[in-house]
file run-v3.pdb (PDB, C-alpha atoms, pLDDT in the B column)
ATOM      1  CA  MET N   1       0.000   0.000   0.000  1.00 92.00           C
ATOM      2  CA  LEU N   2       1.177   3.512  -0.830  1.00 96.00           C
ATOM      3  CA  GLU N   3      -0.167   6.773   0.559  1.00 96.00           C
ATOM      4  CA  THR N   4      -0.300  10.326  -0.736  1.00 96.00           C
ATOM      5  CA  ALA N   5      -1.590  13.434   1.017  1.00 96.00           C
ATOM      6  CA  ARG N   6      -5.160  12.594  -0.023  1.00 97.00           C
ATOM      7  CA  CYS N   7      -5.169   9.093  -1.486  1.00 97.00           C
ATOM      8  CA  VAL N   8      -4.358   5.503  -0.664  1.00 97.00           C
ATOM      9  CA  LEU N   9      -3.042   3.259  -3.441  1.00 97.00           C
ATOM     10  CA  ARG N  10      -3.541  -0.448  -2.865  1.00 95.00           C
ATOM     11  CA  ALA N  11      -3.644  -3.705  -4.778  1.00 92.00           C
ATOM     12  CA  PRO N  12      -7.026  -4.229  -6.419  1.00 92.00           C
ATOM     13  CA  ASP N  13      -9.502  -6.848  -5.266  1.00 91.00           C
ATOM     14  CA  GLU N  14     -12.615  -8.352  -6.851  1.00 91.00           C
ATOM     15  CA  ALA N  15     -14.798  -5.560  -5.486  1.00 94.00           C
ATOM     16  CA  ASP N  16     -12.864  -3.096  -7.686  1.00 94.00           C
ATOM     17  CA  LEU N  17     -13.763  -4.828 -10.958  1.00 95.00           C
ATOM     18  CA  ALA N  18     -16.840  -2.673 -11.658  1.00 96.00           C
ATOM     19  CA  PHE N  19     -14.867   0.536 -11.087  1.00 96.00           C
ATOM     20  CA  VAL N  20     -12.023  -0.510 -13.393  1.00 96.00           C
ATOM     21  CA  ALA N  21     -14.510  -1.666 -16.047  1.00 97.00           C
ATOM     22  CA  ALA N  22     -16.274   1.714 -15.807  1.00 97.00           C
ATOM     23  CA  LEU N  23     -12.967   3.459 -16.558  1.00 97.00           C
ATOM     24  CA  TYR N  24     -12.620   1.341 -19.699  1.00 96.00           C
ATOM     25  CA  GLN N  25     -16.172   2.339 -20.749  1.00 97.00           C
ATOM     26  CA  ASP N  26     -15.730   6.087 -20.237  1.00 96.00           C
ATOM     27  CA  ALA N  27     -15.187   7.805 -23.607  1.00 95.00           C
ATOM     28  CA  ASP N  28     -13.516  10.834 -21.998  1.00 96.00           C
ATOM     29  CA  VAL N  29     -11.137   8.764 -19.865  1.00 95.00           C
ATOM     30  CA  ARG N  30     -10.261   6.639 -22.907  1.00 95.00           C
ATOM     31  CA  ALA N  31     -10.101   9.506 -25.448  1.00 93.00           C
ATOM     32  CA  TYR N  32      -6.344   8.996 -25.991  1.00 90.00           C
ATOM     33  CA  LEU N  33      -6.271   5.317 -25.046  1.00 90.00           C
ATOM     34  CA  GLY N  34      -8.028   3.755 -27.996  1.00 88.00           C
ATOM     35  CA  GLY N  35     -11.560   4.827 -27.119  1.00 92.00           C
ATOM     36  CA  ALA N  36     -14.263   3.520 -24.834  1.00 94.00           C
ATOM     37  CA  LEU N  37     -14.965  -0.198 -24.754  1.00 95.00           C
ATOM     38  CA  GLU N  38     -18.372  -1.834 -24.889  1.00 96.00           C
ATOM     39  CA  PRO N  39     -19.541  -3.214 -21.499  1.00 95.00           C
ATOM     40  CA  HIS N  40     -18.536  -6.852 -22.050  1.00 96.00           C
ATOM     41  CA  ALA N  41     -15.153  -5.887 -23.540  1.00 96.00           C
ATOM     42  CA  ALA N  42     -14.580  -3.475 -20.638  1.00 96.00           C
ATOM     43  CA  ILE N  43     -15.184  -6.229 -18.083  1.00 95.00           C
ATOM     44  CA  VAL N  44     -12.807  -8.552 -19.936  1.00 95.00           C
ATOM     45  CA  ALA N  45     -10.157  -5.797 -20.122  1.00 94.00           C
ATOM     46  CA  ALA N  46     -10.574  -5.006 -16.419  1.00 94.00           C
ATOM     47  CA  GLN N  47     -10.281  -8.693 -15.486  1.00 93.00           C
ATOM     48  CA  ARG N  48      -7.194  -9.076 -17.672  1.00 91.00           C
ATOM     49  CA  LEU N  49      -5.574  -6.009 -16.103  1.00 89.00           C
ATOM     50  CA  MET N  50      -6.363  -7.137 -12.577  1.00 87.00           C
ATOM     51  CA  MET N  51      -4.984 -10.621 -13.265  1.00 85.00           C
ATOM     52  CA  SER N  52      -1.764  -9.245 -14.808  1.00 80.00           C
ATOM     53  CA  ARG N  53      -0.084  -8.700 -11.472  1.00 68.00           C
ATOM     54  CA  ALA N  54       2.613 -11.281 -12.239  1.00 64.00           C
ATOM     55  CA  ASP N  55       4.071  -8.861 -14.810  1.00 69.00           C
ATOM     56  CA  ASN N  56       2.770  -5.573 -13.433  1.00 81.00           C
ATOM     57  CA  HIS N  57       2.562  -3.608 -10.246  1.00 92.00           C
ATOM     58  CA  LEU N  58      -1.019  -2.399 -10.089  1.00 94.00           C
ATOM     59  CA  TRP N  59      -2.729  -0.029  -7.692  1.00 96.00           C
ATOM     60  CA  VAL N  60      -6.245   1.333  -7.367  1.00 96.00           C
ATOM     61  CA  ALA N  61      -6.359   4.841  -5.923  1.00 97.00           C
ATOM     62  CA  ARG N  62      -8.953   5.838  -3.353  1.00 97.00           C
ATOM     63  CA  ILE N  63      -9.637   9.368  -2.133  1.00 97.00           C
ATOM     64  CA  VAL N  64      -9.509   8.922   1.636  1.00 96.00           C
ATOM     65  CA  SER N  65     -11.794  11.809   2.654  1.00 95.00           C
ATOM     66  CA  GLU N  66     -14.509  10.805   0.182  1.00 93.00           C
ATOM     67  CA  GLN N  67     -14.037   7.015   0.348  1.00 92.00           C
ATOM     68  CA  LEU N  68     -14.193   6.988  -3.475  1.00 94.00           C
ATOM     69  CA  LEU N  69     -12.062   5.106  -5.954  1.00 96.00           C
ATOM     70  CA  CYS N  70     -10.570   7.606  -8.377  1.00 97.00           C
ATOM     71  CA  GLY N  71      -8.101   5.774 -10.625  1.00 97.00           C
ATOM     72  CA  VAL N  72      -5.640   3.032 -11.402  1.00 97.00           C
ATOM     73  CA  VAL N  73      -1.869   3.237 -11.800  1.00 97.00           C
ATOM     74  CA  ILE N  74       0.091   0.489 -13.536  1.00 94.00           C
ATOM     75  CA  LEU N  75       3.833  -0.086 -13.543  1.00 95.00           C
ATOM     76  CA  GLY N  76       4.754  -2.777 -16.048  1.00 91.00           C
ATOM     77  CA  PRO N  77       6.984  -3.627 -18.989  1.00 89.00           C
ATOM     78  CA  HIS N  78       6.982  -1.101 -21.831  1.00 86.00           C
ATOM     79  CA  VAL N  79       6.200  -2.511 -25.271  1.00 81.00           C
ATOM     80  CA  ASP N  80       9.959  -2.704 -25.948  1.00 75.00           C
ATOM     81  CA  ARG N  81      10.234  -5.005 -22.863  1.00 70.00           C
ATOM     82  CA  ARG N  82      13.548  -3.359 -21.887  1.00 80.00           C
ATOM     83  CA  LYS N  83      12.267  -0.785 -19.408  1.00 89.00           C
ATOM     84  CA  MET N  84       9.304  -0.343 -17.118  1.00 93.00           C
ATOM     85  CA  GLU N  85       6.432   1.974 -18.026  1.00 95.00           C
ATOM     86  CA  ILE N  86       3.979   3.840 -15.849  1.00 97.00           C
ATOM     87  CA  SER N  87       0.428   4.222 -17.109  1.00 95.00           C
ATOM     88  CA  TYR N  88      -2.807   5.318 -15.526  1.00 96.00           C
ATOM     89  CA  MET N  89      -6.504   6.010 -15.885  1.00 96.00           C
ATOM     90  CA  PHE N  90      -8.328   8.417 -13.590  1.00 97.00           C
ATOM     91  CA  ALA N  91     -12.074   8.914 -13.306  1.00 97.00           C
ATOM     92  CA  GLN N  92     -13.447  12.287 -14.289  1.00 94.00           C
ATOM     93  CA  GLN N  93     -14.258  13.216 -10.681  1.00 93.00           C
ATOM     94  CA  ALA N  94     -10.487  13.220 -10.043  1.00 94.00           C
ATOM     95  CA  TRP N  95      -9.610  15.528 -12.932  1.00 94.00           C
ATOM     96  CA  GLY N  96      -8.277  18.991 -12.164  1.00 93.00           C
ATOM     97  CA  ARG N  97      -7.744  18.248  -8.480  1.00 95.00           C
ATOM     98  CA  GLY N  98      -4.081  17.185  -8.496  1.00 95.00           C
ATOM     99  CA  LEU N  99      -4.971  13.646  -7.418  1.00 97.00           C
ATOM    100  CA  ALA N 100      -3.418  11.999 -10.478  1.00 97.00           C
ATOM    101  CA  HIS N 101      -0.227  13.958  -9.854  1.00 97.00           C
ATOM    102  CA  GLU N 102      -0.088  12.789  -6.236  1.00 96.00           C
ATOM    103  CA  CYS N 103      -0.634   9.169  -7.210  1.00 97.00           C
ATOM    104  CA  VAL N 104       1.679   9.025 -10.233  1.00 97.00           C
ATOM    105  CA  ALA N 105       4.477  10.891  -8.422  1.00 96.00           C
ATOM    106  CA  THR N 106       4.160   8.516  -5.452  1.00 97.00           C
ATOM    107  CA  VAL N 107       4.363   5.429  -7.682  1.00 96.00           C
ATOM    108  CA  LEU N 108       7.394   6.882  -9.513  1.00 96.00           C
ATOM    109  CA  SER N 109       9.122   7.511  -6.189  1.00 95.00           C
ATOM    110  CA  HIS N 110       8.296   3.953  -5.093  1.00 95.00           C
ATOM    111  CA  ALA N 111       9.606   2.586  -8.402  1.00 94.00           C
ATOM    112  CA  HIS N 112      12.934   4.378  -8.099  1.00 94.00           C
ATOM    113  CA  GLY N 113      13.264   3.781  -4.367  1.00 92.00           C
ATOM    114  CA  ALA N 114      11.803   0.568  -2.968  1.00 93.00           C
ATOM    115  CA  LEU N 115      11.656  -1.269  -6.305  1.00 92.00           C
ATOM    116  CA  GLY N 116      15.088  -0.077  -7.472  1.00 92.00           C
ATOM    117  CA  ILE N 117      13.965   0.622 -11.037  1.00 92.00           C
ATOM    118  CA  PRO N 118      16.567   2.942 -12.587  1.00 91.00           C
ATOM    119  CA  ALA N 119      14.401   4.443 -15.343  1.00 93.00           C
ATOM    120  CA  VAL N 120      10.655   4.519 -15.886  1.00 96.00           C
ATOM    121  CA  LEU N 121       9.025   5.343 -19.215  1.00 96.00           C
ATOM    122  CA  ALA N 122       5.619   6.795 -20.019  1.00 96.00           C
ATOM    123  CA  GLU N 123       4.022   7.080 -23.436  1.00 95.00           C
ATOM    124  CA  THR N 124       1.224   9.472 -24.298  1.00 95.00           C
ATOM    125  CA  GLN N 125      -0.272  10.989 -27.404  1.00 94.00           C
ATOM    126  CA  ARG N 126       1.138  14.340 -28.457  1.00 95.00           C
ATOM    127  CA  ASN N 127      -2.425  15.721 -28.456  1.00 94.00           C
ATOM    128  CA  ASN N 128      -3.052  14.683 -24.829  1.00 95.00           C
ATOM    129  CA  GLY N 129      -2.054  17.935 -23.144  1.00 94.00           C
ATOM    130  CA  PRO N 130      -3.286  17.033 -19.642  1.00 95.00           C
ATOM    131  CA  SER N 131      -1.281  13.786 -19.596  1.00 96.00           C
ATOM    132  CA  ARG N 132       1.827  15.518 -20.946  1.00 96.00           C
ATOM    133  CA  ARG N 133       1.580  18.203 -18.251  1.00 96.00           C
ATOM    134  CA  LEU N 134       1.079  15.530 -15.580  1.00 96.00           C
ATOM    135  CA  LEU N 135       4.198  13.637 -16.665  1.00 96.00           C
ATOM    136  CA  GLU N 136       6.277  16.825 -16.808  1.00 96.00           C
ATOM    137  CA  ARG N 137       4.978  17.908 -13.404  1.00 95.00           C
ATOM    138  CA  CYS N 138       6.109  14.518 -12.066  1.00 95.00           C
ATOM    139  CA  GLY N 139       9.645  15.253 -13.296  1.00 94.00           C
ATOM    140  CA  MET N 140       9.544  13.125 -16.426  1.00 96.00           C
ATOM    141  CA  HIS N 141      11.371  14.358 -19.527  1.00 96.00           C
ATOM    142  CA  HIS N 142      10.408  13.986 -23.189  1.00 96.00           C
ATOM    143  CA  ILE N 143      13.017  11.725 -24.826  1.00 95.00           C
ATOM    144  CA  ALA N 144      11.493  10.640 -28.145  1.00 95.00           C
ATOM    145  CA  SER N 145       8.565  10.925 -30.527  1.00 96.00           C
ATOM    146  CA  LEU N 146       7.218   8.020 -32.551  1.00 92.00           C
ATOM    147  CA  GLN N 147       4.252   6.901 -34.599  1.00 92.00           C
ATOM    148  CA  ARG N 148       2.236   4.179 -32.915  1.00 84.00           C
ATOM    149  CA  PHE N 149      -1.460   3.364 -32.647  1.00 79.00           C
ATOM    150  CA  GLY N 150      -2.202   5.720 -35.547  1.00 85.00           C
ATOM    151  CA  ALA N 151      -0.947   8.842 -33.761  1.00 88.00           C
ATOM    152  CA  THR N 152       2.215  10.654 -32.736  1.00 94.00           C
ATOM    153  CA  GLN N 153       3.259   9.362 -29.333  1.00 93.00           C
ATOM    154  CA  LEU N 154       5.660  11.111 -26.990  1.00 96.00           C
ATOM    155  CA  LEU N 155       7.950   8.982 -24.875  1.00 96.00           C
ATOM    156  CA  TYR N 156       8.885  10.346 -21.462  1.00 97.00           C
ATOM    157  CA  GLN N 157      11.442   9.053 -18.980  1.00 96.00           C
ATOM    158  CA  SER N 158      11.914   9.498 -15.270  1.00 92.00           C
ATOM    159  CA  SER N 159      15.127   8.728 -13.466  1.00 77.00           C
ATOM    160  CA  PRO N 160      15.825   8.803  -9.748  1.00 67.00           C
ATOM    161  CA  ILE N 161      17.144  12.021  -8.303  1.00 59.00           C
ATOM    162  CA  PRO N 162      20.887  11.536  -7.761  1.00 53.00           C
ATOM    163  CA  ARG N 163      21.855  11.389  -4.137  1.00 48.00           C
ATOM    164  CA  THR N 164      24.520  13.778  -2.995  1.00 45.00           C
ATOM    165  CA  THR N 165      26.937  13.003  -0.245  1.00 46.00           C
ATOM    166  CA  GLY N 166      27.923  15.703   2.089  1.00 44.00           C
TER     167      GLY N 166
END
call {"tool": "encode", "arguments": {"input": "run-v3.pdb", "output": "structure tokens"}}
result
Amino acid sequence: MLETARCVLRAPDEADLAFVAALYQDADVRAYLGGALEPHAAIVAAQRLMMSRADNHLWVARIVSEQLLCGVVILGPHVDRRKMEISYMFAQQAWGRGLAHECVATVLSHAHGALGIPAVLAETQRNNGPSRRLLERCGMHHIASLQRFGATQLLYQSSPIPRTTG
């Protein structure tokens, strides 16, 4: 379990399936992620994601004060299989509140610290301004542009802050 100022991130359980499936069905949440899925496909995708914990670190985020689930954060192999990638989906009620920033920054810190991952990637569409700003706010740097999934994708990378001795 990880904690931020306002959220708790924990491993998902069966009770979270409906929430994760709802994220997959939300056209606004999925606008830059291939679009909304039909209900049955969303349930299958949510089940697949929740069962992928052998390859991925997966957290559901809950707003403590409201007792509401607000998103998912995934840390798993990038498509190139050489580095780890952070990805996320946040429900609309979390947008514009800084909750995604808290959660993504906390998972990045955990990745570099406790998990010892030297570099974490993130990939987002060039047209997805909110996601780009989130990644940059979390200290990630644009390292490449590529064509994938029918759109220009921007690849970002985060590295641990070097420790200084004194």
call {"tool": "residues_near_point", "arguments": {"input": "run-v3.pdb", "point": "(-10.7, 15.6, 5.1)", "cutoff": "12 Å", "atoms": "all atoms listed in the file", "output": "list in words"}}
result
Ala5, Arg6, Cys7, Ile63, Val64, Ser65, Glu66 and Gln67 of chain N
call {"tool": "closest_residue", "arguments": {"input": "run-v3.pdb", "among": "N:Asn127, N:Gln147, N:Ser159, N:Gln153", "to": "Gly113 of chain N", "atoms": "all atoms listed in the file"}}
result
N:Ser159
call {"tool": "resolve_selection", "arguments": {"input": "run-v3.pdb", "expression": "the PyMOL selection byres ((chain N and resi 92) around 12)", "output": "list in words"}}
result
Ala22, Leu23, Asp26, Ala27, Asp28, Val29, Arg30, Ala31, Leu69, Cys70, Gly71, Met89, Phe90, Ala91, Gln93, Ala94, Trp95, Gly96, Arg97, Leu99 and Ala100 of chain N
call {"tool": "resolve_selection", "arguments": {"input": "run-v3.pdb", "expression": "the PyMOL selection byres ((chain N and resi 139) around 9)", "output": "ChimeraX atom specification"}}
result
/N:105,134-138,140-141,157-159
call {"tool": "atom_distance", "arguments": {"input": "run-v3.pdb", "atom1": "atom CA of His78 of chain N", "atom2": "atom CA of Leu154 of chain N"}}
result
13.3 Å
call {"tool": "closest_residue", "arguments": {"input": "run-v3.pdb", "among": "N:Ala36, N:Ala11, N:Glu102, N:Ala42", "to": "Ile74 of chain N", "atoms": "only C-alpha atoms"}}
result
N:Ala11
call {"tool": "closest_residue", "arguments": {"input": "run-v3.pdb", "among": "N:Met1, N:Gly34, N:Trp59, N:Pro39", "to": "Asp16 of chain N", "atoms": "all atoms listed in the file"}}
result
N:Trp59
call {"tool": "closest_residue", "arguments": {"input": "run-v3.pdb", "among": "N:Ala151, N:Ala46, N:Leu33, N:Ala119", "to": "Ser131 of chain N", "atoms": "all atoms listed in the file"}}
result
N:Leu33
call {"tool": "resolve_selection", "arguments": {"input": "run-v3.pdb", "expression": "the PyMOL selection byres ((chain N and resi 106) around 10)", "output": "PyMOL selection string"}}
result
chain N and resi 2-5+9+100-105+107-111+138
call {"tool": "closest_residue", "arguments": {"input": "run-v3.pdb", "among": "N:Ala144, N:Ala122, N:Met50, N:Ala114", "to": "Leu17 of chain N", "atoms": "all atoms listed in the file"}}
result
N:Met50
call {"tool": "atom_distance", "arguments": {"input": "run-v3.pdb", "atom1": "atom CA of Ser87 of chain N", "atom2": "atom CA of Leu121 of chain N"}}
result
8.9 Å
call {"tool": "atom_distance", "arguments": {"input": "run-v3.pdb", "atom1": "atom CA of Val20 of chain N", "atom2": "atom CA of Ile43 of chain N"}}
result
8.0 Å
call {"tool": "closest_residue", "arguments": {"input": "run-v3.pdb", "among": "N:Arg81, N:His40, N:His57, N:Arg48", "to": "Leu115 of chain N", "atoms": "only C-alpha atoms"}}
result
N:His57
call {"tool": "build_atoms", "arguments": {"input": "run-v3.pdb", "residues": "segment 12-27 of chain N", "atoms": "N, CA and C atoms", "output": "PDB file, in the coordinates of the input"}}
result
ATOM      1  N   PRO N  12      -5.589  -4.083  -6.189  1.00 92.00           N
ATOM      2  CA  PRO N  12      -7.026  -4.229  -6.419  1.00 92.00           C
ATOM      3  C   PRO N  12      -7.550  -5.559  -5.890  1.00 92.00           C
ATOM      4  N   ASP N  13      -8.840  -5.591  -5.607  1.00 91.00           N
ATOM      5  CA  ASP N  13      -9.502  -6.848  -5.266  1.00 91.00           C
ATOM      6  C   ASP N  13     -10.755  -6.979  -6.133  1.00 91.00           C
ATOM      7  N   GLU N  14     -11.454  -8.079  -5.991  1.00 91.00           N
ATOM      8  CA  GLU N  14     -12.615  -8.352  -6.851  1.00 91.00           C
ATOM      9  C   GLU N  14     -13.666  -7.252  -6.789  1.00 91.00           C
ATOM     10  N   ALA N  15     -13.798  -6.618  -5.639  1.00 94.00           N
ATOM     11  CA  ALA N  15     -14.798  -5.560  -5.486  1.00 94.00           C
ATOM     12  C   ALA N  15     -14.493  -4.346  -6.364  1.00 94.00           C
ATOM     13  N   ASP N  16     -13.264  -4.237  -6.855  1.00 94.00           N
ATOM     14  CA  ASP N  16     -12.864  -3.096  -7.686  1.00 94.00           C
ATOM     15  C   ASP N  16     -13.153  -3.305  -9.169  1.00 94.00           C
ATOM     16  N   LEU N  17     -13.574  -4.503  -9.544  1.00 95.00           N
ATOM     17  CA  LEU N  17     -13.763  -4.828 -10.958  1.00 95.00           C
ATOM     18  C   LEU N  17     -14.729  -3.866 -11.649  1.00 95.00           C
ATOM     19  N   ALA N  18     -15.851  -3.560 -11.031  1.00 96.00           N
ATOM     20  CA  ALA N  18     -16.840  -2.673 -11.658  1.00 96.00           C
ATOM     21  C   ALA N  18     -16.259  -1.281 -11.884  1.00 96.00           C
ATOM     22  N   PHE N  19     -15.479  -0.782 -10.928  1.00 96.00           N
ATOM     23  CA  PHE N  19     -14.867   0.536 -11.087  1.00 96.00           C
ATOM     24  C   PHE N  19     -13.885   0.547 -12.251  1.00 96.00           C
ATOM     25  N   VAL N  20     -13.016  -0.450 -12.314  1.00 96.00           N
ATOM     26  CA  VAL N  20     -12.023  -0.510 -13.393  1.00 96.00           C
ATOM     27  C   VAL N  20     -12.725  -0.672 -14.738  1.00 96.00           C
ATOM     28  N   ALA N  21     -13.749  -1.502 -14.801  1.00 97.00           N
ATOM     29  CA  ALA N  21     -14.510  -1.666 -16.047  1.00 97.00           C
ATOM     30  C   ALA N  21     -15.167  -0.347 -16.457  1.00 97.00           C
ATOM     31  N   ALA N  22     -15.658   0.416 -15.491  1.00 97.00           N
ATOM     32  CA  ALA N  22     -16.274   1.714 -15.807  1.00 97.00           C
ATOM     33  C   ALA N  22     -15.257   2.677 -16.409  1.00 97.00           C
ATOM     34  N   LEU N  23     -14.010   2.628 -15.948  1.00 97.00           N
ATOM     35  CA  LEU N  23     -12.967   3.459 -16.558  1.00 97.00           C
ATOM     36  C   LEU N  23     -12.786   3.094 -18.026  1.00 97.00           C
ATOM     37  N   TYR N  24     -12.772   1.800 -18.313  1.00 96.00           N
ATOM     38  CA  TYR N  24     -12.620   1.341 -19.699  1.00 96.00           C
ATOM     39  C   TYR N  24     -13.811   1.744 -20.574  1.00 96.00           C
ATOM     40  N   GLN N  25     -14.979   1.970 -19.987  1.00 97.00           N
ATOM     41  CA  GLN N  25     -16.172   2.339 -20.749  1.00 97.00           C
ATOM     42  C   GLN N  25     -16.345   3.848 -20.914  1.00 97.00           C
ATOM     43  N   ASP N  26     -15.567   4.633 -20.217  1.00 96.00           N
ATOM     44  CA  ASP N  26     -15.730   6.087 -20.237  1.00 96.00           C
ATOM     45  C   ASP N  26     -15.003   6.676 -21.449  1.00 96.00           C
ATOM     46  N   ALA N  27     -15.762   7.258 -22.369  1.00 95.00           N
ATOM     47  CA  ALA N  27     -15.187   7.805 -23.607  1.00 95.00           C
ATOM     48  C   ALA N  27     -14.199   8.933 -23.332  1.00 95.00           C
TER      49      ALA N  27
END
